[in-house]
file input-v2.cif (mmCIF, C-alpha atoms and all ligand atoms)
data_structure
loop_
_atom_site.group_PDB
_atom_site.id
_atom_site.type_symbol
_atom_site.label_atom_id
_atom_site.label_comp_id
_atom_site.auth_asym_id
_atom_site.auth_seq_id
_atom_site.Cartn_x
_atom_site.Cartn_y
_atom_site.Cartn_z
ATOM 1 C CA MET A 1 116.486 106.529 71.443
ATOM 2 C CA ALA A 2 118.447 104.946 74.292
ATOM 3 C CA TYR A 3 117.244 105.816 77.758
ATOM 4 C CA LYS A 4 118.462 105.164 81.246
ATOM 5 C CA LYS A 5 117.122 101.971 82.787
ATOM 6 C CA GLY A 6 117.884 101.398 86.430
ATOM 7 C CA LYS A 7 117.448 98.181 88.386
ATOM 8 C CA LEU A 8 114.176 97.437 90.099
ATOM 9 C CA ILE A 9 114.808 95.435 93.267
ATOM 10 C CA SER A 10 111.900 94.267 95.408
ATOM 11 C CA ILE A 11 112.304 93.054 98.965
ATOM 12 C CA PHE A 12 109.632 90.500 99.810
ATOM 13 C CA SER A 13 108.841 87.849 102.416
ATOM 14 C CA THR A 14 106.051 85.464 103.345
ATOM 15 C CA LYS A 15 105.939 86.639 106.955
ATOM 16 C CA GLY A 16 105.840 90.061 108.568
ATOM 17 C CA GLY A 17 108.559 91.392 110.820
ATOM 18 C CA VAL A 18 111.462 89.505 109.254
ATOM 19 C CA GLY A 19 113.616 92.594 108.696
ATOM 20 C CA LYS A 20 112.547 93.751 105.220
ATOM 21 C CA THR A 21 112.438 97.440 106.043
ATOM 22 C CA VAL A 22 115.728 97.433 107.968
ATOM 23 C CA LEU A 23 117.418 95.593 105.096
ATOM 24 C CA THR A 24 115.854 97.826 102.426
ATOM 25 C CA LEU A 25 117.198 100.914 104.182
ATOM 26 C CA SER A 26 120.572 99.252 104.777
ATOM 27 C CA MET A 27 120.859 98.433 101.076
ATOM 28 C CA ALA A 28 119.892 101.997 100.158
ATOM 29 C CA GLY A 29 122.744 103.225 102.357
ATOM 30 C CA ILE A 30 125.199 100.916 100.617
ATOM 31 C CA TYR A 31 124.068 101.960 97.122
ATOM 32 C CA SER A 32 124.229 105.587 98.171
ATOM 33 C CA ASN A 33 127.840 105.064 99.293
ATOM 34 C CA LEU A 34 128.575 103.442 95.948
ATOM 35 C CA GLY A 35 127.444 106.697 94.332
ATOM 36 C CA LYS A 36 124.168 105.342 92.958
ATOM 37 C CA LYS A 37 120.980 107.377 92.732
ATOM 38 C CA VAL A 38 118.428 105.410 94.711
ATOM 39 C CA LEU A 39 114.674 105.626 95.041
ATOM 40 C CA ILE A 40 113.063 103.813 97.952
ATOM 41 C CA LEU A 41 109.415 103.170 97.197
ATOM 42 C CA ASP A 42 107.400 102.129 100.227
ATOM 43 C CA MET A 43 104.801 99.647 99.018
ATOM 44 C CA ASP A 44 103.856 98.576 102.527
ATOM 45 C CA PHE A 45 100.678 100.539 101.930
ATOM 46 C CA VAL A 46 98.963 99.965 105.289
ATOM 47 C CA SER A 47 101.833 100.132 107.747
ATOM 48 C CA GLY A 48 104.780 101.526 105.847
ATOM 49 C CA GLY A 49 107.716 102.644 107.958
ATOM 50 C CA VAL A 50 110.210 104.102 105.496
ATOM 51 C CA GLY A 51 109.066 107.722 105.830
ATOM 52 C CA VAL A 52 109.157 107.636 109.631
ATOM 53 C CA SER A 53 112.466 105.748 109.734
ATOM 54 C CA LEU A 54 114.124 108.347 107.534
ATOM 55 C CA GLY A 55 112.332 111.366 108.970
ATOM 56 C CA VAL A 56 111.133 112.453 105.561
ATOM 57 C CA SER A 57 107.774 114.081 105.525
ATOM 58 C CA SER A 58 105.834 114.681 102.396
ATOM 59 C CA LYS A 59 102.275 115.760 101.902
ATOM 60 C CA ARG A 60 102.168 113.525 98.837
ATOM 61 C CA SER A 61 102.410 109.769 99.098
ATOM 62 C CA ILE A 62 102.154 107.019 96.516
ATOM 63 C CA TYR A 63 98.385 107.274 96.963
ATOM 64 C CA ASN A 64 98.423 110.922 95.787
ATOM 65 C CA PHE A 65 100.645 109.878 92.886
ATOM 66 C CA VAL A 66 98.132 107.202 91.853
ATOM 67 C CA ASP A 67 95.179 109.515 92.414
ATOM 68 C CA ASP A 68 96.756 112.240 90.287
ATOM 69 C CA LEU A 69 97.574 109.787 87.489
ATOM 70 C CA ASN A 70 94.017 108.509 87.626
ATOM 71 C CA ASN A 71 92.574 112.024 87.424
ATOM 72 C CA LYS A 72 95.041 113.345 84.853
ATOM 73 C CA ARG A 73 96.552 115.813 87.326
ATOM 74 C CA TYR A 74 100.050 114.303 87.198
ATOM 75 C CA LYS A 75 102.684 116.862 86.244
ATOM 76 C CA GLU A 76 106.074 115.651 87.373
ATOM 77 C CA PHE A 77 107.594 112.772 89.303
ATOM 78 C CA GLU A 78 109.484 115.128 91.628
ATOM 79 C CA ASP A 79 106.174 116.277 93.141
ATOM 80 C CA TYR A 80 105.966 112.969 95.045
ATOM 81 C CA ILE A 81 109.603 112.716 96.128
ATOM 82 C CA SER A 82 111.067 113.333 99.586
ATOM 83 C CA LYS A 83 114.837 113.687 99.769
ATOM 84 C CA TYR A 84 116.855 111.816 102.417
ATOM 85 C CA ASN A 85 120.325 112.685 101.199
ATOM 86 C CA GLU A 86 122.055 113.593 97.979
ATOM 87 C CA ASN A 87 121.607 110.089 96.575
ATOM 88 C CA ILE A 88 118.499 108.730 98.300
ATOM 89 C CA ASP A 89 114.946 109.764 97.427
ATOM 90 C CA VAL A 90 111.787 108.327 98.915
ATOM 91 C CA ILE A 91 108.157 107.894 97.944
ATOM 92 C CA ILE A 92 106.225 107.325 101.130
ATOM 93 C CA SER A 93 103.298 104.968 101.707
ATOM 94 C CA PRO A 94 99.778 106.383 102.163
ATOM 95 C CA ILE A 95 99.352 108.770 105.069
ATOM 96 C CA ASP A 96 95.805 107.505 105.692
ATOM 97 C CA PRO A 97 95.788 103.668 105.682
ATOM 98 C CA ARG A 98 92.286 103.635 104.128
ATOM 99 C CA GLU A 99 93.860 105.004 100.954
ATOM 100 C CA SER A 100 95.729 101.718 100.538
ATOM 101 C CA ASN A 101 92.561 100.137 99.116
ATOM 102 C CA LYS A 102 92.372 102.724 96.376
ATOM 103 C CA ILE A 103 95.748 102.021 94.821
ATOM 104 C CA GLU A 104 95.159 100.267 91.524
ATOM 105 C CA SER A 105 97.964 98.093 90.240
ATOM 106 C CA LYS A 106 97.910 99.563 86.723
ATOM 107 C CA PHE A 107 99.074 102.867 88.229
ATOM 108 C CA VAL A 108 101.702 101.160 90.397
ATOM 109 C CA ASP A 109 102.936 99.573 87.193
ATOM 110 C CA MET A 110 103.145 103.022 85.576
ATOM 111 C CA ILE A 111 104.994 104.540 88.549
ATOM 112 C CA LEU A 112 107.557 101.710 88.554
ATOM 113 C CA GLY A 113 108.015 102.222 84.823
ATOM 114 C CA ILE A 114 108.755 105.921 85.273
ATOM 115 C CA ALA A 115 110.980 105.364 88.341
ATOM 116 C CA VAL A 116 113.429 102.999 86.648
ATOM 117 C CA LYS A 117 114.096 105.610 83.990
ATOM 118 C CA LYS A 118 115.072 108.168 86.631
ATOM 119 C CA TYR A 119 117.191 106.204 89.105
ATOM 120 C CA ASP A 120 120.093 103.761 89.066
ATOM 121 C CA ILE A 121 118.319 101.635 91.649
ATOM 122 C CA VAL A 122 114.670 101.471 92.678
ATOM 123 C CA LEU A 123 114.326 99.600 95.970
ATOM 124 C CA VAL A 124 110.804 98.574 96.861
ATOM 125 C CA ASP A 125 109.882 97.671 100.421
ATOM 126 C CA THR A 126 106.712 95.575 100.635
ATOM 127 C CA ASN A 127 104.311 93.886 102.984
ATOM 128 C CA HIS A 128 104.071 90.100 102.897
ATOM 129 C CA ILE A 129 100.647 89.922 101.242
ATOM 130 C CA PHE A 130 99.970 88.233 97.904
ATOM 131 C CA SER A 131 98.134 91.294 96.608
ATOM 132 C CA ASP A 132 97.679 92.379 92.988
ATOM 133 C CA ASN A 133 100.078 95.237 93.636
ATOM 134 C CA ASN A 134 102.774 92.930 94.994
ATOM 135 C CA LEU A 135 102.261 90.518 92.089
ATOM 136 C CA ILE A 136 102.730 93.346 89.582
ATOM 137 C CA LEU A 137 105.849 94.368 91.473
ATOM 138 C CA LEU A 138 107.286 90.831 91.540
ATOM 139 C CA ASP A 139 106.593 90.498 87.861
ATOM 140 C CA LYS A 140 108.254 93.772 86.968
ATOM 141 C CA SER A 141 111.289 93.479 89.263
ATOM 142 C CA ASP A 142 114.710 92.787 87.816
ATOM 143 C CA VAL A 143 115.340 90.794 90.964
ATOM 144 C CA THR A 144 113.406 89.980 94.133
ATOM 145 C CA LEU A 145 115.167 89.506 97.421
ATOM 146 C CA LEU A 146 113.226 87.003 99.529
ATOM 147 C CA ILE A 147 113.877 87.387 103.237
ATOM 148 C CA VAL A 148 113.541 84.380 105.542
ATOM 149 C CA THR A 149 114.290 83.789 109.189
ATOM 150 C CA ASN A 150 115.074 80.649 111.160
ATOM 151 C CA ASP A 151 111.400 80.018 111.788
ATOM 152 C CA PRO A 152 109.515 76.856 110.742
ATOM 153 C CA ILE A 153 106.273 78.606 109.738
ATOM 154 C CA ASP A 154 108.078 81.318 107.815
ATOM 155 C CA LEU A 155 110.119 78.647 105.997
ATOM 156 C CA LYS A 156 107.095 76.514 105.154
ATOM 157 C CA ASN A 157 105.396 79.507 103.559
ATOM 158 C CA MET A 158 108.575 80.465 101.717
ATOM 159 C CA LYS A 159 108.749 76.933 100.344
ATOM 160 C CA SER A 160 105.266 77.447 98.837
ATOM 161 C CA LEU A 161 106.219 80.797 97.321
ATOM 162 C CA ILE A 162 109.429 79.453 95.809
ATOM 163 C CA SER A 163 107.570 76.477 94.391
ATOM 164 C CA ILE A 164 105.121 78.905 92.703
ATOM 165 C CA PHE A 165 108.089 80.838 91.313
ATOM 166 C CA LYS A 166 109.597 77.624 89.975
ATOM 167 C CA ASP A 167 106.286 76.480 88.449
ATOM 168 C CA SER A 168 105.994 79.791 86.650
ATOM 169 C CA GLU A 169 109.667 79.677 85.627
ATOM 170 C CA LYS A 170 110.504 82.787 87.604
ATOM 171 C CA SER A 171 114.192 82.567 88.419
ATOM 172 C CA ASN A 172 115.126 86.195 89.101
ATOM 173 C CA TYR A 173 115.006 85.916 92.877
ATOM 174 C CA LYS A 174 117.553 85.456 95.649
ATOM 175 C CA VAL A 175 117.050 84.151 99.167
ATOM 176 C CA LEU A 176 118.469 85.958 102.170
ATOM 177 C CA LEU A 177 118.518 84.270 105.583
ATOM 178 C CA ASN A 178 118.289 87.004 108.184
ATOM 179 C CA ASN A 179 119.776 85.866 111.492
ATOM 180 C CA SER A 180 120.076 89.399 112.791
ATOM 181 C CA ARG A 181 116.381 89.882 113.586
ATOM 182 C CA ASP A 182 116.233 87.228 116.354
ATOM 183 C CA THR A 183 119.617 86.111 117.579
ATOM 184 C CA ASP A 184 118.314 83.205 119.642
ATOM 185 C CA LYS A 185 116.518 81.491 116.755
ATOM 186 C CA ASP A 186 118.999 78.897 115.574
ATOM 187 C CA TYR A 187 117.123 75.645 115.961
ATOM 188 C CA LEU A 188 117.279 74.775 112.267
ATOM 189 C CA THR A 189 120.649 74.421 110.525
ATOM 190 C CA ASN A 190 121.288 75.892 107.079
ATOM 191 C CA PHE A 191 121.070 72.346 105.749
ATOM 192 C CA ASP A 192 117.583 71.987 107.301
ATOM 193 C CA ILE A 193 116.520 75.376 105.944
ATOM 194 C CA LYS A 194 117.616 74.569 102.404
ATOM 195 C CA ASN A 195 115.774 71.257 102.659
ATOM 196 C CA ILE A 196 112.586 72.930 103.824
ATOM 197 C CA ILE A 197 112.518 75.690 101.219
ATOM 198 C CA LYS A 198 113.955 73.395 98.515
ATOM 199 C CA ASN A 199 116.264 76.178 97.459
ATOM 200 C CA ASN A 200 119.709 77.502 98.051
ATOM 201 C CA ILE A 201 120.385 80.289 100.570
ATOM 202 C CA ASP A 202 122.116 82.984 98.541
ATOM 203 C CA TYR A 203 123.003 85.381 101.350
ATOM 204 C CA THR A 204 123.102 85.260 105.132
ATOM 205 C CA ILE A 205 123.105 88.184 107.518
ATOM 206 C CA SER A 206 124.597 86.954 110.771
ATOM 207 C CA SER A 207 123.380 87.402 114.318
ATOM 208 C CA SER A 208 126.316 89.823 114.785
ATOM 209 C CA PHE A 209 124.293 92.350 112.807
ATOM 210 C CA HIS A 210 121.686 92.388 115.577
ATOM 211 C CA ILE A 211 121.658 95.961 116.859
ATOM 212 C CA LYS A 212 120.333 96.092 120.403
ATOM 213 C CA ASP A 213 119.545 99.792 120.342
ATOM 214 C CA ILE A 214 118.227 99.808 116.781
ATOM 215 C CA ASP A 215 115.313 102.065 117.778
ATOM 216 C CA LYS A 216 117.827 104.766 118.684
ATOM 217 C CA TYR A 217 118.989 104.850 115.070
ATOM 218 C CA THR A 218 115.398 104.966 113.877
ATOM 219 C CA LEU A 219 114.610 107.857 116.212
ATOM 220 C CA ASN A 220 117.702 109.655 114.907
ATOM 221 C CA ARG A 221 116.505 108.986 111.322
ATOM 222 C CA GLU A 222 119.768 107.186 110.619
ATOM 223 C CA ILE A 223 120.457 104.459 108.096
ATOM 224 C CA LEU A 224 122.578 101.794 109.798
ATOM 225 C CA THR A 225 124.937 101.365 106.860
ATOM 226 C CA LEU A 226 125.682 105.092 106.811
ATOM 227 C CA ASN A 227 126.575 105.221 110.504
ATOM 228 C CA LYS A 228 130.338 105.314 111.200
ATOM 229 C CA LYS A 229 130.112 103.270 114.410
ATOM 230 C CA ILE A 230 128.112 100.502 112.719
ATOM 231 C CA LEU A 231 130.452 100.550 109.715
ATOM 232 C CA SER A 232 133.468 99.942 111.950
ATOM 233 C CA LYS A 233 131.869 97.541 114.463
ATOM 234 C CA LYS A 234 129.915 95.356 112.034
ATOM 235 C CA LYS A 235 132.489 95.051 109.278
ATOM 236 C CA GLY A 236 131.705 91.399 108.428
ATOM 237 C CA ASP A 237 128.010 91.915 107.730
ATOM 238 C CA ILE A 238 128.554 95.306 106.089
ATOM 239 C CA LYS A 239 130.888 93.526 103.683
ATOM 240 C CA LYS A 240 128.236 90.880 103.024
ATOM 241 C CA ILE A 241 125.491 93.455 102.414
ATOM 242 C CA THR A 242 127.806 95.385 100.103
ATOM 243 C CA GLN A 243 128.703 92.233 98.170
ATOM 244 C CA MET A 244 125.030 91.336 97.901
ATOM 245 C CA ALA A 245 124.113 94.860 96.772
ATOM 246 C CA ARG A 246 126.740 94.680 94.029
ATOM 247 C CA ASP A 247 125.694 91.169 93.055
ATOM 248 C CA LEU A 248 122.025 92.143 92.749
ATOM 249 C CA ILE A 249 122.704 94.888 90.228
ATOM 250 C CA ASN A 250 124.949 92.671 88.162
ATOM 251 C CA ILE A 251 122.414 89.940 87.738
ATOM 252 C CA GLU A 252 121.115 90.823 84.299
ATOM 253 C CA ASN A 253 122.822 91.907 81.115
ATOM 254 C CA GLY A 254 126.241 90.981 82.449
ATOM 255 C CA GLY A 255 126.790 94.072 84.520
ATOM 256 C CA ASP A 256 125.736 97.375 85.888
ATOM 257 C CA ARG A 257 125.652 100.242 83.419
ATOM 258 C CA ASN A 258 127.651 102.668 85.543
ATOM 259 C CA ASP A 259 130.342 100.170 86.486
ATOM 260 C CA LYS A 260 130.730 99.315 82.823
ATOM 261 C CA GLU A 261 131.006 102.957 81.890
ATOM 262 C CA LYS A 262 133.597 103.552 84.603
ATOM 263 C CA SER A 263 135.765 100.608 83.550
ATOM 264 C CA SER A 264 135.606 101.373 79.827
HETATM 265 N N1 LIG B 301 119.493 93.830 112.645
HETATM 266 C C1 LIG B 301 118.541 94.064 113.540
HETATM 267 N N2 LIG B 301 118.865 94.277 114.850
HETATM 268 C C2 LIG B 301 117.916 94.514 115.766
HETATM 269 N N3 LIG B 301 116.597 94.568 115.496
HETATM 270 C C3 LIG B 301 116.216 94.366 114.229
HETATM 271 C C4 LIG B 301 117.147 94.097 113.186
HETATM 272 N N4 LIG B 301 116.466 93.944 112.026
HETATM 273 C C5 LIG B 301 115.176 94.112 112.327
HETATM 274 N N5 LIG B 301 115.009 94.378 113.638
HETATM 275 C C6 LIG B 301 113.763 94.677 114.320
HETATM 276 O O1 LIG B 301 112.805 93.700 113.974
HETATM 277 C C7 LIG B 301 111.543 94.291 113.757
HETATM 278 C C8 LIG B 301 111.088 93.948 112.353
HETATM 279 O O2 LIG B 301 111.997 94.533 111.424
HETATM 280 P P1 LIG B 301 111.447 95.216 110.112
HETATM 281 O O3 LIG B 301 110.432 96.247 110.449
HETATM 282 O O4 LIG B 301 112.604 95.619 109.294
HETATM 283 O O5 LIG B 301 110.729 93.952 109.469
HETATM 284 P P2 LIG B 301 109.678 93.923 108.270
HETATM 285 O O6 LIG B 301 109.845 92.607 107.601
HETATM 286 O O7 LIG B 301 109.826 95.147 107.450
HETATM 287 O O8 LIG B 301 108.302 93.986 109.064
HETATM 288 P P3 LIG B 301 106.842 94.278 108.431
HETATM 289 O O9 LIG B 301 106.467 93.030 107.702
HETATM 290 O O10 LIG B 301 106.004 94.510 109.650
HETATM 291 O O11 LIG B 301 106.972 95.464 107.544
HETATM 292 C C9 LIG B 301 111.704 95.795 113.991
HETATM 293 O O12 LIG B 301 111.298 96.112 115.291
HETATM 294 C C10 LIG B 301 113.184 96.000 113.828
HETATM 295 O O13 LIG B 301 113.639 97.095 114.550
HETATM 296 MG MG MG B 302 108.483 96.620 106.916
#

call {"tool": "encode", "arguments": {"input": "input-v2.cif", "output": "structure tokens"}}
result
Amino acid sequence: MAYKKGKLISIFSTKGGVGKTVLTLSMAGIYSNLGKKVLILDMDFVSGGVGVSLGVSSKRSIYNFVDDLNNKRYKEFEDYISKYNENIDVIISPIDPRESNKIESKFVDMILGIAVKKYDIVLVDTNHIFSDNNLILLDKSDVTLLIVTNDPIDLKNMKSLISIFKDSEKSNYKVLLNNSRDTDKDYLTNFDIKNIIKNNIDYTISSSFHIKDIDKYTLNREILTLNKKILSKKKGDIKKITQMARDLINIENGGDRNDKEKSS
């Protein structure tokens, strides 16, 4: 029997604070505007920020999901979902950071497997650790978006990660250079960056997407790419994020299921 299979997109980096969470939420906003059903899974188990950023509160986090699976108490997926809007659902990271150590990757694997059958897009925000859980996620993802900044240490570590990917013949990743996090970091040219990481830069978010009062949007529980002012003032980067979002779901099988259905 045919079943729905959405795209699993992981957002990963080799350094913290490079803009993963902001970009994950921004992509969710774009997919939501494209009419896609999106799940954001916060796999930054110790210091996840998706729940707070979106103002969704749930008594049940991914830890409870794992714990219930482990103890055969799991009934339905919806029990662990918080709703942000009509198209965006969220599974939050553990409420107590100590619970992060009790999340076994075999259950994360199961949750990802269920999620892709329920959503068009599953976006997974991560931390930058090479943990078993992140390795399972990278392995299972349809595509991984690797975020780098114009920072020599970040780039050196990304070079190592990409070389591991290449050694293991993993090619379903894309590299995004995020210039919006720190606008004054422009010491290395794109040519230098490509030389350091020994890889192409697939997407660039420009320094124009730096939002000075970004915390205001967070406090208002707003997704940047759903805010009218941002949409009109940051047209160039919104276009780039939209193009990237479309590109990422067209990577495998020659196209996105829904787009195909619409055009046929
Ligand atoms: N476009 C932007 N404009 C202004 N500030 C930004 C932008 N993108 C990210 N930031 C800020 O940079 C910091 C790091 O961003 P973010 O939390 O998205 O990174 P991260 O990679 O998820 O970090 P962590 O590894 O700690 O989870 C945050 O304070 C965020 O508000
Ligand atoms: Mg983050």

call {"tool": "resolve_selection", "arguments": {"input": "input-v2.cif", "expression": "the PyMOL selection byres (((chain A and resi 46) around 8) and not hetatm)", "output": "mmCIF file with C-alpha atoms, in the frame of the given file"}}
result
data_model
loop_
_atom_site.group_PDB
_atom_site.id
_atom_site.type_symbol
_atom_site.label_atom_id
_atom_site.label_comp_id
_atom_site.auth_asym_id
_atom_site.auth_seq_id
_atom_site.Cartn_x
_atom_site.Cartn_y
_atom_site.Cartn_z
ATOM 1 C CA ASP A 44 103.856 98.576 102.527
ATOM 2 C CA PHE A 45 100.678 100.539 101.930
ATOM 3 C CA SER A 47 101.833 100.132 107.747
ATOM 4 C CA GLY A 48 104.780 101.526 105.847
ATOM 5 C CA SER A 93 103.298 104.968 101.707
ATOM 6 C CA PRO A 94 99.778 106.383 102.163
ATOM 7 C CA PRO A 97 95.788 103.668 105.682
ATOM 8 C CA ARG A 98 92.286 103.635 104.128
ATOM 9 C CA SER A 100 95.729 101.718 100.538
#

call {"tool": "residues_near_ligand", "arguments": {"input": "input-v2.cif", "ligand": "ligand MG 302 (chain B)", "cutoff": "9 Å", "atoms": "all atoms listed in the file", "output": "mmCIF file with C-alpha atoms, keeping the file's coordinate frame"}}
result
data_model
loop_
_atom_site.group_PDB
_atom_site.id
_atom_site.type_symbol
_atom_site.label_atom_id
_atom_site.label_comp_id
_atom_site.auth_asym_id
_atom_site.auth_seq_id
_atom_site.Cartn_x
_atom_site.Cartn_y
_atom_site.Cartn_z
ATOM 1 C CA GLY A 16 105.840 90.061 108.568
ATOM 2 C CA GLY A 17 108.559 91.392 110.820
ATOM 3 C CA VAL A 18 111.462 89.505 109.254
ATOM 4 C CA GLY A 19 113.616 92.594 108.696
ATOM 5 C CA LYS A 20 112.547 93.751 105.220
ATOM 6 C CA THR A 21 112.438 97.440 106.043
ATOM 7 C CA VAL A 22 115.728 97.433 107.968
ATOM 8 C CA THR A 24 115.854 97.826 102.426
ATOM 9 C CA ASP A 42 107.400 102.129 100.227
ATOM 10 C CA ASP A 44 103.856 98.576 102.527
ATOM 11 C CA SER A 47 101.833 100.132 107.747
ATOM 12 C CA GLY A 48 104.780 101.526 105.847
ATOM 13 C CA GLY A 49 107.716 102.644 107.958
ATOM 14 C CA VAL A 50 110.210 104.102 105.496
ATOM 15 C CA ASP A 125 109.882 97.671 100.421
ATOM 16 C CA THR A 126 106.712 95.575 100.635
ATOM 17 C CA ASN A 127 104.311 93.886 102.984
ATOM 18 C CA HIS A 128 104.071 90.100 102.897
#

call {"tool": "atom_distance", "arguments": {"input": "input-v2.cif", "atom1": "atom CA of A:Thr183", "atom2": "atom CA of A:Ser160"}}
result
25.1 Å

call {"tool": "atom_distance", "arguments": {"input": "input-v2.cif", "atom1": "atom CA of A:Val143", "atom2": "atom CA of A:Ile249"}}
result
8.5 Å

call {"tool": "atom_distance", "arguments": {"input": "input-v2.cif", "atom1": "atom CA of A:Glu76", "atom2": "atom CA of A:Leu226"}}
result
29.6 Å

call {"tool": "closest_residue", "arguments": {"input": "input-v2.cif", "among": "A:Ser57, A:Tyr63, A:Gly35, A:Asp215", "to": "ligand LIG 301 (chain B)", "atoms": "only C-alpha atoms and all ligand atoms"}}
result
A:Asp215

call {"tool": "resolve_selection", "arguments": {"input": "input-v2.cif", "expression": "the PyMOL selection byres (((chain A and resi 6) around 9) and not hetatm)", "output": "list in words"}}
result
Lys4, Lys5, Lys7, Leu8, Ala115, Val116, Lys117, Lys118, Tyr119, Asp120, Ile121, Val122, Ile249, Asp256 and Arg257 of chain A

call {"tool": "closest_residue", "arguments": {"input": "input-v2.cif", "among": "A:Asn85, A:Asn70, A:Asn101, A:Thr189", "to": "A:Val38", "atoms": "all atoms listed in the file"}}
result
A:Asn85

call {"tool": "axis_aligned_box", "arguments": {"input": "input-v2.cif", "around": "ligand LIG 301 (chain B)", "padding_each_side": "5 Å", "output": "lines of an AutoDock Vina configuration file"}}
result
center_x = 112.7
center_y = 94.9
center_z = 111.6
size_x = 23.5
size_y = 14.5
size_z = 18.3

call {"tool": "resolve_selection", "arguments": {"input": "input-v2.cif", "expression": "the PyMOL selection byres (((chain A and resi 104) around 12) and not hetatm)", "output": "short mmCIF file (atom, residue, chain, number, x, y, z; two decimals) with C-alpha atoms, keeping the file's coordinate frame"}}
result
data_model
loop_
_atom_site.label_atom_id
_atom_site.label_comp_id
_atom_site.auth_asym_id
_atom_site.auth_seq_id
_atom_site.Cartn_x
_atom_site.Cartn_y
_atom_site.Cartn_z
CA PHE A 45 100.68 100.54 101.93
CA ILE A 62 102.15 107.02 96.52
CA TYR A 63 98.38 107.27 96.96
CA ASN A 64 98.42 110.92 95.79
CA PHE A 65 100.64 109.88 92.89
CA VAL A 66 98.13 107.20 91.85
CA ASP A 67 95.18 109.52 92.41
CA LEU A 69 97.57 109.79 87.49
CA ASN A 70 94.02 108.51 87.63
CA GLU A 99 93.86 105.00 100.95
CA SER A 100 95.73 101.72 100.54
CA ASN A 101 92.56 100.14 99.12
CA LYS A 102 92.37 102.72 96.38
CA ILE A 103 95.75 102.02 94.82
CA SER A 105 97.96 98.09 90.24
CA LYS A 106 97.91 99.56 86.72
CA PHE A 107 99.07 102.87 88.23
CA VAL A 108 101.70 101.16 90.40
CA ASP A 109 102.94 99.57 87.19
CA MET A 110 103.14 103.02 85.58
CA ILE A 111 104.99 104.54 88.55
CA SER A 131 98.13 91.29 96.61
CA ASP A 132 97.68 92.38 92.99
CA ASN A 133 100.08 95.24 93.64
CA ASN A 134 102.77 92.93 94.99
CA ILE A 136 102.73 93.35 89.58
#

call {"tool": "residues_around", "arguments": {"input": "input-v2.cif", "residues": "stretch 244-247 of chain A", "least_positions_apart": "5", "cutoff": "12 Å", "atoms": "all atoms listed in the file", "output": "compact mmCIF listing (two decimals) with C-alpha atoms, keeping the file's coordinate frame"}}
result
# COMPACT_ATOMS: atom_id res chain seq x y z
CA LYS A 7 117.45 98.18 88.39
CA ILE A 9 114.81 95.44 93.27
CA LEU A 23 117.42 95.59 105.10
CA THR A 24 115.85 97.83 102.43
CA LEU A 25 117.20 100.91 104.18
CA SER A 26 120.57 99.25 104.78
CA MET A 27 120.86 98.43 101.08
CA ALA A 28 119.89 102.00 100.16
CA GLY A 29 122.74 103.22 102.36
CA ILE A 30 125.20 100.92 100.62
CA TYR A 31 124.07 101.96 97.12
CA SER A 32 124.23 105.59 98.17
CA ASN A 33 127.84 105.06 99.29
CA LEU A 34 128.57 103.44 95.95
CA LYS A 36 124.17 105.34 92.96
CA ILE A 121 118.32 101.64 91.65
CA LEU A 123 114.33 99.60 95.97
CA VAL A 143 115.34 90.79 90.96
CA LEU A 145 115.17 89.51 97.42
CA TYR A 173 115.01 85.92 92.88
CA LYS A 174 117.55 85.46 95.65
CA VAL A 175 117.05 84.15 99.17
CA LEU A 176 118.47 85.96 102.17
CA ASP A 202 122.12 82.98 98.54
CA TYR A 203 123.00 85.38 101.35
CA THR A 204 123.10 85.26 105.13
CA ILE A 205 123.10 88.18 107.52
CA ASP A 237 128.01 91.92 107.73
CA ILE A 238 128.55 95.31 106.09
CA LYS A 239 130.89 93.53 103.68
CA GLU A 252 121.12 90.82 84.30
CA GLY A 254 126.24 90.98 82.45
CA GLY A 255 126.79 94.07 84.52
CA ASP A 256 125.74 97.38 85.89
CA ASN A 258 127.65 102.67 85.54
CA ASP A 259 130.34 100.17 86.49

call {"tool": "closest_residue", "arguments": {"input": "input-v2.cif", "among": "A:Arg221, A:Lys170, A:Arg181, A:Lys194", "to": "ligand LIG 301 (chain B)", "atoms": "only C-alpha atoms and all ligand atoms"}}
result
A:Arg181

call {"tool": "closest_residue", "arguments": {"input": "input-v2.cif", "among": "A:Asp213, A:Asp79, A:Asp139, A:Asp151", "to": "ligand LIG 301 (chain B)", "atoms": "all atoms listed in the file"}}
result
A:Asp213

call {"tool": "closest_residue", "arguments": {"input": "input-v2.cif", "among": "A:Ser53, A:Asn172, A:Asn200, A:Pro152", "to": "A:Leu188", "atoms": "all atoms listed in the file"}}
result
A:Pro152

call {"tool": "closest_residue", "arguments": {"input": "input-v2.cif", "among": "A:Asp142, A:Thr149, A:Leu231, A:Glu169", "to": "ligand LIG 301 (chain B)", "atoms": "only C-alpha atoms and all ligand atoms"}}
result
A:Thr149

call {"tool": "residues_around", "arguments": {"input": "input-v2.cif", "residues": "A:Lys185", "least_positions_apart": "3", "cutoff": "8 Å", "atoms": "all atoms listed in the file", "output": "VMD selection string"}}
result
chain A and resid 150 to 151 179 182
